[in-house]
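Here is target-v4.cif, consisting of mmCIF, C-alpha atoms:
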data_data
#
loop_
_atom_site.label_atom_id
_atom_site.label_comp_id
_atom_site.auth_asym_id
_atom_site.auth_seq_id
_atom_site.Cartn_x
_atom_site.Cartn_y
_atom_site.Cartn_z
CA MET A 28 109.24 104.82 108.48
CA ASN A 29 110.99 107.71 106.77
CA GLY A 30 114.25 107.97 104.93
CA ILE A 31 116.25 105.42 103.06
CA ARG A 32 118.85 105.22 105.84
CA LYS A 33 116.20 104.38 108.40
CA ILE A 34 114.90 101.60 106.15
CA ALA A 35 118.45 100.20 105.81
CA GLU A 36 118.97 100.32 109.59
CA ALA A 37 115.62 98.69 110.32
CA LEU A 38 116.22 95.94 107.73
CA SER A 39 119.61 95.14 109.21
CA GLU A 40 118.03 94.69 112.65
CA LEU A 41 115.59 92.03 111.39
CA ASP A 42 116.34 88.35 111.82
CA SER A 43 117.13 86.20 108.82
CA THR A 44 113.64 84.61 108.74
CA ALA A 45 112.01 88.02 108.18
CA ARG A 46 114.42 88.52 105.26
CA GLY A 47 113.30 85.26 103.63
CA GLY A 48 116.46 83.49 104.85
CA PHE A 49 118.74 85.85 102.93
CA ASP A 50 121.56 88.05 104.15
CA PHE A 51 121.26 91.61 102.85
CA ASP A 52 124.20 93.89 102.03
CA TYR A 53 123.40 97.59 101.91
CA GLN A 54 124.86 100.45 99.96
CA ILE A 55 123.43 103.94 99.66
CA ILE A 56 123.97 105.26 96.15
CA PRO A 57 124.86 108.93 96.30
CA THR A 58 122.53 110.64 93.85
CA GLU A 59 119.98 113.45 93.67
CA GLN A 60 117.37 110.86 94.67
CA ASP A 61 118.19 108.64 97.68
CA VAL A 62 118.60 105.04 96.57
CA LEU A 63 119.43 102.01 98.66
CA GLN A 64 121.10 99.14 96.85
CA ILE A 65 120.41 95.81 98.52
CA THR A 66 122.45 92.82 97.48
CA LEU A 67 121.17 89.41 98.51
CA THR A 68 123.90 86.91 99.27
CA GLY A 69 124.51 84.65 96.29
CA ARG A 70 122.54 86.97 94.02
CA GLU A 71 125.01 89.84 93.71
CA GLU A 72 124.33 90.12 89.95
CA ILE A 73 120.71 91.25 90.43
CA PRO A 74 120.52 93.74 93.29
CA VAL A 75 117.28 95.29 94.48
CA TYR A 76 117.09 99.08 94.58
CA VAL A 77 114.82 100.79 97.08
CA THR A 78 113.76 104.41 96.86
CA LEU A 79 111.12 106.67 98.36
CA THR A 80 108.67 108.84 96.48
CA ASP A 81 106.02 111.17 97.96
CA THR A 82 103.60 108.30 98.63
CA GLN A 83 105.39 105.02 97.93
CA ILE A 84 108.39 102.88 98.67
CA LEU A 85 109.56 101.55 95.32
CA CYS A 86 111.65 98.38 95.10
CA ILE A 87 113.14 97.74 91.66
CA ALA A 88 115.27 94.96 90.18
CA TYR A 89 116.66 95.69 86.72
CA LEU A 90 116.58 92.67 84.40
CA TRP A 91 117.75 93.43 80.87
CA ASP A 92 117.81 96.18 78.28
CA GLU A 93 116.55 96.33 74.70
CA SER A 94 119.95 95.30 73.30
CA GLN A 95 119.69 91.89 75.04
CA ILE A 96 116.37 90.95 73.38
CA LYS A 97 116.25 88.82 70.23
CA PRO A 98 114.41 91.32 67.99
CA GLU A 99 112.25 88.68 66.27
CA THR A 100 110.86 87.49 69.65
CA ARG A 101 110.25 90.89 71.25
CA GLY A 102 106.44 90.89 70.76
CA GLU A 103 106.12 87.36 72.11
CA MET A 104 108.29 88.27 75.09
CA ILE A 105 106.14 91.30 75.95
CA GLU A 106 102.99 89.16 75.71
CA MET A 107 104.57 86.60 78.03
CA MET A 108 105.47 89.38 80.49
CA LEU A 109 101.86 90.59 80.53
CA GLU A 110 100.63 87.05 81.11
CA MET A 111 103.11 86.57 83.94
CA ASN A 112 102.26 89.89 85.60
CA ILE A 113 99.28 88.73 87.68
CA PRO A 114 100.56 85.30 88.77
CA MET A 115 103.89 86.86 89.85
CA PRO A 116 103.46 87.54 93.58
CA LEU A 117 103.85 91.13 94.86
CA SER A 118 105.75 92.34 91.78
CA SER A 119 105.03 93.62 88.28
CA PHE A 120 107.04 94.12 85.13
CA ALA A 121 108.04 97.64 84.13
CA LYS A 122 110.06 99.44 81.52
CA ILE A 123 112.22 102.43 82.42
CA GLY A 124 113.84 104.04 79.39
CA ASN A 125 115.19 101.04 77.50
CA GLN A 126 115.51 98.86 80.58
CA TYR A 127 113.09 96.14 81.67
CA ALA A 128 112.59 95.62 85.38
CA VAL A 129 110.40 94.01 88.00
CA PHE A 130 109.18 96.26 90.77
CA GLY A 131 107.01 96.32 93.84
CA ALA A 132 105.38 99.40 95.35
CA LEU A 133 104.50 99.72 99.02
CA SER A 134 102.87 102.42 101.07
CA VAL A 135 105.33 104.69 102.89
CA HIS A 136 103.60 103.50 106.08
CA SER A 137 104.50 99.83 105.48
CA ARG A 138 106.01 97.73 108.27
CA ILE A 139 109.69 96.92 107.90
CA GLU A 140 108.84 93.18 107.78
CA ASP A 141 106.66 93.85 104.71
CA ILE A 142 109.50 95.76 103.02
CA ALA A 143 111.90 92.86 103.74
CA LEU A 144 109.41 90.35 102.33
CA GLU A 145 108.92 92.51 99.22
CA ILE A 146 112.70 92.65 98.64
CA ALA A 147 113.18 88.88 99.05
CA ILE A 148 110.22 88.05 96.78
CA LEU A 149 111.23 90.66 94.21
CA SER A 150 114.64 89.03 93.97
CA ASP A 151 113.03 85.58 93.49
CA ASN A 152 110.69 87.04 90.87
CA GLY A 153 113.58 88.70 89.02
CA ILE A 154 115.48 85.42 88.74
CA ASP A 155 112.32 83.52 87.71
CA ALA A 156 111.54 86.18 85.11
CA ILE A 157 114.98 85.88 83.49
CA GLU A 158 114.64 82.10 83.48
CA VAL A 159 111.18 82.21 81.89
CA MET A 160 112.22 84.84 79.32
CA SER A 161 115.66 83.43 78.56
CA ASP A 162 114.48 82.05 75.19
CA TYR A 163 113.80 85.61 74.10
CA LEU A 164 117.16 86.93 75.28
CA ARG A 165 120.56 86.86 73.66
CA MET B 18 94.40 115.94 77.27
CA SER B 19 95.87 115.43 80.73
CA LEU B 20 99.36 116.77 81.29
CA PHE B 21 100.60 113.28 82.13
CA LYS B 22 99.23 111.97 78.81
CA LYS B 23 100.88 114.90 77.02
CA PHE B 24 104.13 114.09 78.78
CA LEU B 25 103.91 110.41 77.84
CA SER B 26 103.12 111.26 74.19
CA ASN B 27 106.16 113.56 74.04
CA ALA B 28 108.28 110.98 75.81
CA ARG B 29 107.22 108.20 73.39
CA ALA B 30 108.14 110.48 70.50
CA GLY B 31 111.50 110.97 72.23
CA VAL B 32 112.00 107.21 72.50
CA ARG B 33 111.20 106.79 68.79
CA ASP B 34 113.85 109.40 68.03
CA ASN B 35 116.25 107.38 70.21
CA SER B 36 116.50 110.26 72.63
CA GLU B 37 115.97 109.60 76.29
CA MET B 38 112.51 109.56 77.86
CA ARG B 39 112.74 112.27 80.51
CA VAL B 40 110.32 114.16 82.69
CA ASP B 41 111.36 117.70 81.89
CA ALA B 42 111.26 120.47 84.43
CA GLU B 43 108.73 122.24 82.19
CA SER B 44 106.13 119.44 82.65
CA ILE B 45 106.46 119.64 86.41
CA ARG B 46 106.38 123.46 86.33
CA GLN B 47 103.19 123.41 84.21
CA MET B 48 101.58 120.92 86.55
CA GLU B 49 102.52 122.99 89.60
CA GLU B 50 101.06 126.06 87.90
CA GLU B 51 97.78 124.23 87.18
CA LEU B 52 97.66 123.03 90.78
CA ASN B 53 98.27 126.55 91.98
CA VAL B 54 95.50 128.01 89.79
CA VAL B 55 92.94 125.40 90.86
CA GLY B 56 94.00 125.77 94.49
CA LYS B 57 93.45 129.56 94.30
CA GLN B 58 90.08 129.06 92.55
CA LEU B 59 89.01 126.67 95.27
CA LYS B 60 90.04 129.05 98.05
CA LEU B 61 88.17 131.89 96.35
CA ALA B 62 85.02 129.80 95.86
CA ARG B 63 85.06 128.75 99.54
CA THR B 64 85.39 132.41 100.64
CA GLU B 65 82.58 133.40 98.26
CA LEU B 66 80.39 130.63 99.64
CA ALA B 67 80.97 131.79 103.21
CA THR B 68 80.15 135.40 102.23
CA THR B 69 77.03 134.31 100.29
CA LEU B 70 75.78 132.18 103.18
CA GLY B 71 76.40 135.11 105.54
CA ARG B 72 74.35 137.44 103.30
CA GLU B 73 71.61 134.82 102.95
CA ALA B 74 71.43 134.48 106.75
CA ALA B 75 71.14 138.30 107.05
CA GLU B 76 68.25 138.33 104.51
CA LYS B 77 66.54 135.51 106.40
CA THR B 78 66.82 137.47 109.67
CA LYS B 79 65.46 140.51 107.87
CA VAL B 80 62.39 138.49 106.72
CA VAL B 81 61.79 136.96 110.16
CA ASP B 82 62.07 140.37 111.90
CA ALA B 83 59.76 141.95 109.30
CA GLU B 84 57.21 139.17 109.75
CA VAL B 85 57.23 139.72 113.54
CA GLU B 86 56.77 143.45 112.93
CA ILE B 87 53.92 142.81 110.47
CA THR B 88 52.15 140.57 113.01
CA ALA B 89 52.41 143.32 115.66
CA LEU B 90 51.21 145.99 113.22
CA GLU B 91 48.32 143.80 112.12
CA ARG B 92 47.29 143.54 115.79
CA GLU B 93 47.48 147.36 116.10
CA THR B 94 45.40 147.72 112.92
CA THR B 95 42.75 145.42 114.37
CA TYR B 96 42.63 147.54 117.56
CA ALA B 97 42.33 150.71 115.50
CA LEU B 98 39.50 149.20 113.41
CA ASP B 99 37.82 147.97 116.61
CA ARG B 100 38.01 151.52 117.95
CA GLY B 101 36.65 152.82 114.64
CA ASP B 102 39.84 154.77 113.99
CA GLU B 103 39.94 154.30 110.24
CA THR B 104 42.68 156.94 109.72
CA LEU B 105 45.07 155.18 112.12
CA ALA B 106 44.19 151.77 110.68
CA ASN B 107 44.88 153.10 107.20
CA GLY B 108 48.23 154.57 108.26
CA ILE B 109 49.33 151.31 109.89
CA ALA B 110 48.16 149.31 106.87
CA GLU B 111 50.33 151.51 104.67
CA ARG B 112 53.33 150.72 106.90
CA ILE B 113 52.49 147.02 106.68
CA ALA B 114 52.34 147.26 102.89
CA ASP B 115 55.77 148.98 102.85
CA ILE B 116 57.24 146.28 105.09
CA GLU B 117 55.70 143.56 102.89
CA ASP B 118 57.47 145.11 99.90
CA VAL B 119 60.73 144.91 101.83
CA VAL B 120 59.97 141.27 102.76
CA ALA B 121 59.21 140.38 99.16
CA GLU B 122 62.48 141.93 98.07
CA ALA B 123 64.37 140.15 100.86
CA VAL B 124 62.79 136.79 99.97
CA CYS B 125 63.72 137.32 96.34
CA GLN B 126 67.27 138.33 97.33
CA ARG B 127 67.52 135.31 99.64
CA ASN B 128 66.41 132.92 96.89
CA THR B 129 69.03 134.40 94.57
CA LEU B 130 71.68 133.95 97.28
CA LEU B 131 70.59 130.34 97.92
CA GLN B 132 70.90 129.64 94.19
CA GLN B 133 74.36 131.29 94.18
CA ALA B 134 75.36 129.13 97.19
CA ASP B 135 74.25 125.96 95.35
CA ASN B 136 76.26 127.00 92.29
CA LEU B 137 79.30 127.72 94.47
CA ARG B 138 79.00 124.32 96.18
CA GLU B 139 78.97 122.66 92.74
CA ARG B 140 81.99 124.73 91.70
CA ILE B 141 83.83 123.73 94.89
CA LYS B 142 83.08 120.04 94.27
CA ARG B 143 84.33 120.35 90.68
CA ASP B 144 87.49 122.19 91.79
CA GLU B 145 88.13 119.63 94.52
CA ARG B 146 87.84 116.79 91.99
CA GLU B 147 90.15 118.69 89.64
CA LEU B 148 92.65 119.30 92.44
CA THR B 149 92.64 115.61 93.37
CA GLU B 150 93.19 114.69 89.73
CA PHE B 151 96.05 117.21 89.32
CA ASN B 152 97.64 115.95 92.53
CA ARG B 153 97.42 112.37 91.23
CA GLN B 154 98.99 113.38 87.91
CA MET B 155 101.66 115.35 89.75
CA LEU B 156 102.51 112.25 91.82
CA MET B 157 102.75 110.21 88.60
CA LEU B 158 105.12 112.77 87.08
CA ARG B 159 107.24 112.97 90.24
CA THR B 160 107.40 109.16 90.49
CA THR B 161 108.43 108.93 86.82
CA ASP B 162 111.06 111.60 87.45
CA CYS B 163 112.32 109.76 90.54
CA VAL B 164 112.56 106.39 88.76
CA GLN B 165 114.34 107.96 85.79
CA LYS B 166 116.86 109.65 88.06
CA ILE B 167 117.73 106.50 89.97
CA THR B 168 117.92 104.44 86.76
CA SER B 169 120.28 106.97 85.30
CA ALA B 170 122.42 106.99 88.48
CA ILE B 171 122.55 103.18 88.53
CA ASN B 172 123.44 103.03 84.83
CA ASP B 173 126.27 105.50 85.43
CA MET B 174 127.48 103.45 88.38
CA LEU B 175 127.40 100.19 86.39
CA ALA B 176 129.09 101.80 83.38
CA ALA B 177 131.94 102.84 85.67
CA ASP B 178 132.36 99.23 86.88
CA SER B 179 132.49 96.97 83.83
CA ALA B 180 133.25 93.96 86.09
CA LYS B 181 129.61 94.06 87.21
CA ASN B 182 128.20 94.42 83.71
CA PHE B 183 126.58 91.08 82.95
CA SER B 184 123.75 90.31 80.62
CA ALA B 185 120.58 88.92 82.22
CA THR B 186 121.31 85.37 81.05
CA GLU B 187 124.94 85.58 82.27
CA SER B 188 123.69 86.82 85.64
CA LEU B 189 121.21 83.96 85.85
CA GLU B 190 123.93 81.44 84.97
CA ARG B 191 126.27 82.83 87.64
CA ILE B 192 123.51 82.80 90.27
CA ARG B 193 122.50 79.24 89.37
CA LYS B 194 126.16 78.10 89.60
CA LYS B 195 126.48 79.67 93.06
CA GLN B 196 123.24 78.00 94.12
CA GLN B 197 124.53 74.67 92.79
CA VAL B 198 127.83 75.01 94.66
CA ALA B 199 125.95 75.90 97.85
CA ALA B 200 123.58 72.94 97.38
CA GLU B 201 126.52 70.56 96.79
CA ARG B 202 128.29 71.89 99.87
CA LEU B 203 125.13 71.34 101.88
CA LYS B 204 124.71 67.85 100.47
CA ALA B 205 128.36 66.97 101.30
CA SER B 206 127.88 68.28 104.80
CA ASP B 207 124.66 66.22 105.13
CA ILE B 208 126.52 63.08 103.96
CA LYS B 209 129.25 63.74 106.52
CA ASP B 210 126.60 64.15 109.19
CA GLU B 211 124.93 60.89 108.16
CA GLU B 212 128.29 59.02 108.23
CA PHE B 213 129.12 60.46 111.61
CA GLN B 214 125.71 59.46 112.89
CA ALA B 215 126.05 55.91 111.48
CA ASN B 216 129.55 55.50 113.01
CA ARG B 217 128.27 56.73 116.36
CA LEU B 218 125.35 54.27 116.31
CA ARG B 219 127.68 51.41 115.32
CA ALA B 220 130.10 52.25 118.18
CA GLU B 221 127.20 52.40 120.60
CA SER B 222 125.95 49.05 119.40
CA VAL B 223 129.46 47.41 119.75
CA ASN B 224 129.83 48.87 123.24
CA ALA B 225 126.43 47.47 124.20
CA VAL B 226 127.45 43.96 123.01
CA LEU B 227 130.73 44.18 124.96
CA ASP B 228 128.91 45.41 128.07
CA ARG B 229 126.44 42.51 127.79
CA ILE B 230 129.26 39.88 127.40
CA ARG B 231 131.24 41.43 130.29
CA ALA B 232 128.18 41.38 132.48
CA LYS B 233 127.53 37.67 131.58
CA ARG B 234 131.19 36.73 132.31
CA ASP B 235 131.24 38.55 135.64
CA ALA B 236 127.96 37.00 136.75
#
The structure given in the file should be rewritten as structure tokens.
Amino acid sequence: MNGIRKIAEALSELDSTARGGFDFDYQIIPTEQDVLQITLTGREEIPVYVTLTDTQILCIAYLWDESQIKPETRGEMIEMMLEMNIPMPLSSFAKIGNQYAVFGALSVHSRIEDIALEIAILSDNGIDAIEVMSDYLR
Amino acid sequence: MSLFKKFLSNARAGVRDNSEMRVDAESIRQMEEELNVVGKQLKLARTELATTLGREAAEKTKVVDAEVEITALERETTYALDRGDETLANGIAERIADIEDVVAEAVCQRNTLLQQADNLRERIKRDERELTEFNRQMLMLRTTDCVQKITSAINDMLAADSAKNFSATESLERIRKKQQVAAERLKASDIKDEEFQANRLRAESVNAVLDRIRAKRDA
């Protein structure tokens, strides 16, 4: 599997079951680094971004930025994120600049079904994470 | 300190100053330079090892050949002594002594070369470990760079479309509402299905009663 376009094509050829019952909408974001934006039907607000590095396929869902956190609960929130990291299937929390995210990393040799599963679960995890952390957010 | 750690320390300082955490081209250039240096060292050490092993093999051959020659000369000396030719025996013995000096020197040289080869093997192992470590750090830097670039591109894209700019809790609320609407739609459709099913069963049951009465009347 190489190239973001190929991943998009292969994902669109999968049946709905392999995509966790979701319909995926695809958009390639024109940038220096190829990025595929995948919007899951009914979850347009939290898209999943897929990109390729030298050795990995990275799937990222951005959750919130520093400005959305209640400052007095920030430490507690971070502790909760660490506690949630292992139980959360296939994804982990991350911070990029001032943005918090959940992400999953796969080998560049992963099967397309595994990439689809990662995307569907990442989206579920993103929504769960916001729900769990909503007390810490404005 | 590893270059990645240095980069992270600088980046954290940047975050504290409210400037953006970026992988700068200089970090990647430095890492590429380090990789290049270690790669060259490794290549050189491998060439040196091959040369050293070649020289060691030549010394070994020299020793083996000399030992064969010594054996032959010793045989000749014995013949000379058996014939009572002391002068010849003496001359051959001198040659043997010369060759033994050469052997001793070759053995010494060979041992030095074997020691050099061991040192080179150690150096190669160390360089290989270093190269693997630099490659790993390089991948970490490149991945950080990649993630920063896409985050920046996505931020720019979202900033240009304020209609899509929701907070996390607003997004969650919108998604939950959509899920609720979809669930209600599904429920309504299930109720309709159940009503349709019940009406169908009732009609079937009425028809069965009528059929039974008609059959009784016609009998």
All residues 10 Å or closer to region 157-160 of chain B, only C-alpha atoms, same chain fewer than 2 positions away omitted, as a PyMOL selection string: (chain A and resi 79-83+85) or (chain B and resi 20-21+24-25+40-41+44-45+48+151-155+162-166)
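For the file shown, the residue list from the PyMOL selection byres ((chain B) within 7 of (chain A)) reads B:Glu37, B:Met38, B:Thr160, B:Cys163, B:Gln165, B:Lys166, B:Ile167, B:Ala170, B:Ser184, B:Ala185, B:Thr186, B:Ser188, B:Leu189, B:Ile192, B:Lys195.
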Could you give me the centre and size, in Å to one decimal, of an axis-aligned box around all listed atoms of region 144-156 of chain A with 8 Å added on every side, as JSON?
{"center_x": 112.2, "center_y": 88.1, "center_z": 93.7, "size_x": 22.6, "size_y": 25.1, "size_z": 33.2}
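Interatomic distance, CA of Met107 (chain A) against CA of Glu145 (chain A): 22.4 Å.
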Selection near Arg46 (chain A), 6 Å with all atoms listed in the file, sequence-local residues under 3 positions removed, as a list in words: Ser43, Phe49 and Ala143 of chain A
Residues selected by the PyMOL selection byres ((chain A and resi 111-120) around 7), written as a ChimeraX atom specification: /A:107-110,121,128-131,145,149,152
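When all atoms listed in the file are used to measure the gap to Asp118 (chain B), the shortest distance among B:Glu139, B:Asp99, B:Glu147, B:Glu84 belongs to B:Glu84.
Put simply, CA of Arg140 (chain B) is 8.1 Å away from CA of Leu59 (chain B).
As for CA of Ala134 (chain B) and CA of Leu61 (chain B), they are spaced 13.1 Å apart.
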Within 10 Å of file point (86.1, 122.0, 96.0), counting only C-alpha atoms, expressed as an MDAnalysis selection string: chainID B and resid 55:56 58:60 62:63 137:149
Residue members of the PyMOL selection byres ((chain B and resi 121) around 12) in the file shown, as an MDAnalysis selection string: chainID B and resid 76:77 79:81 83:84 114:120 122:128
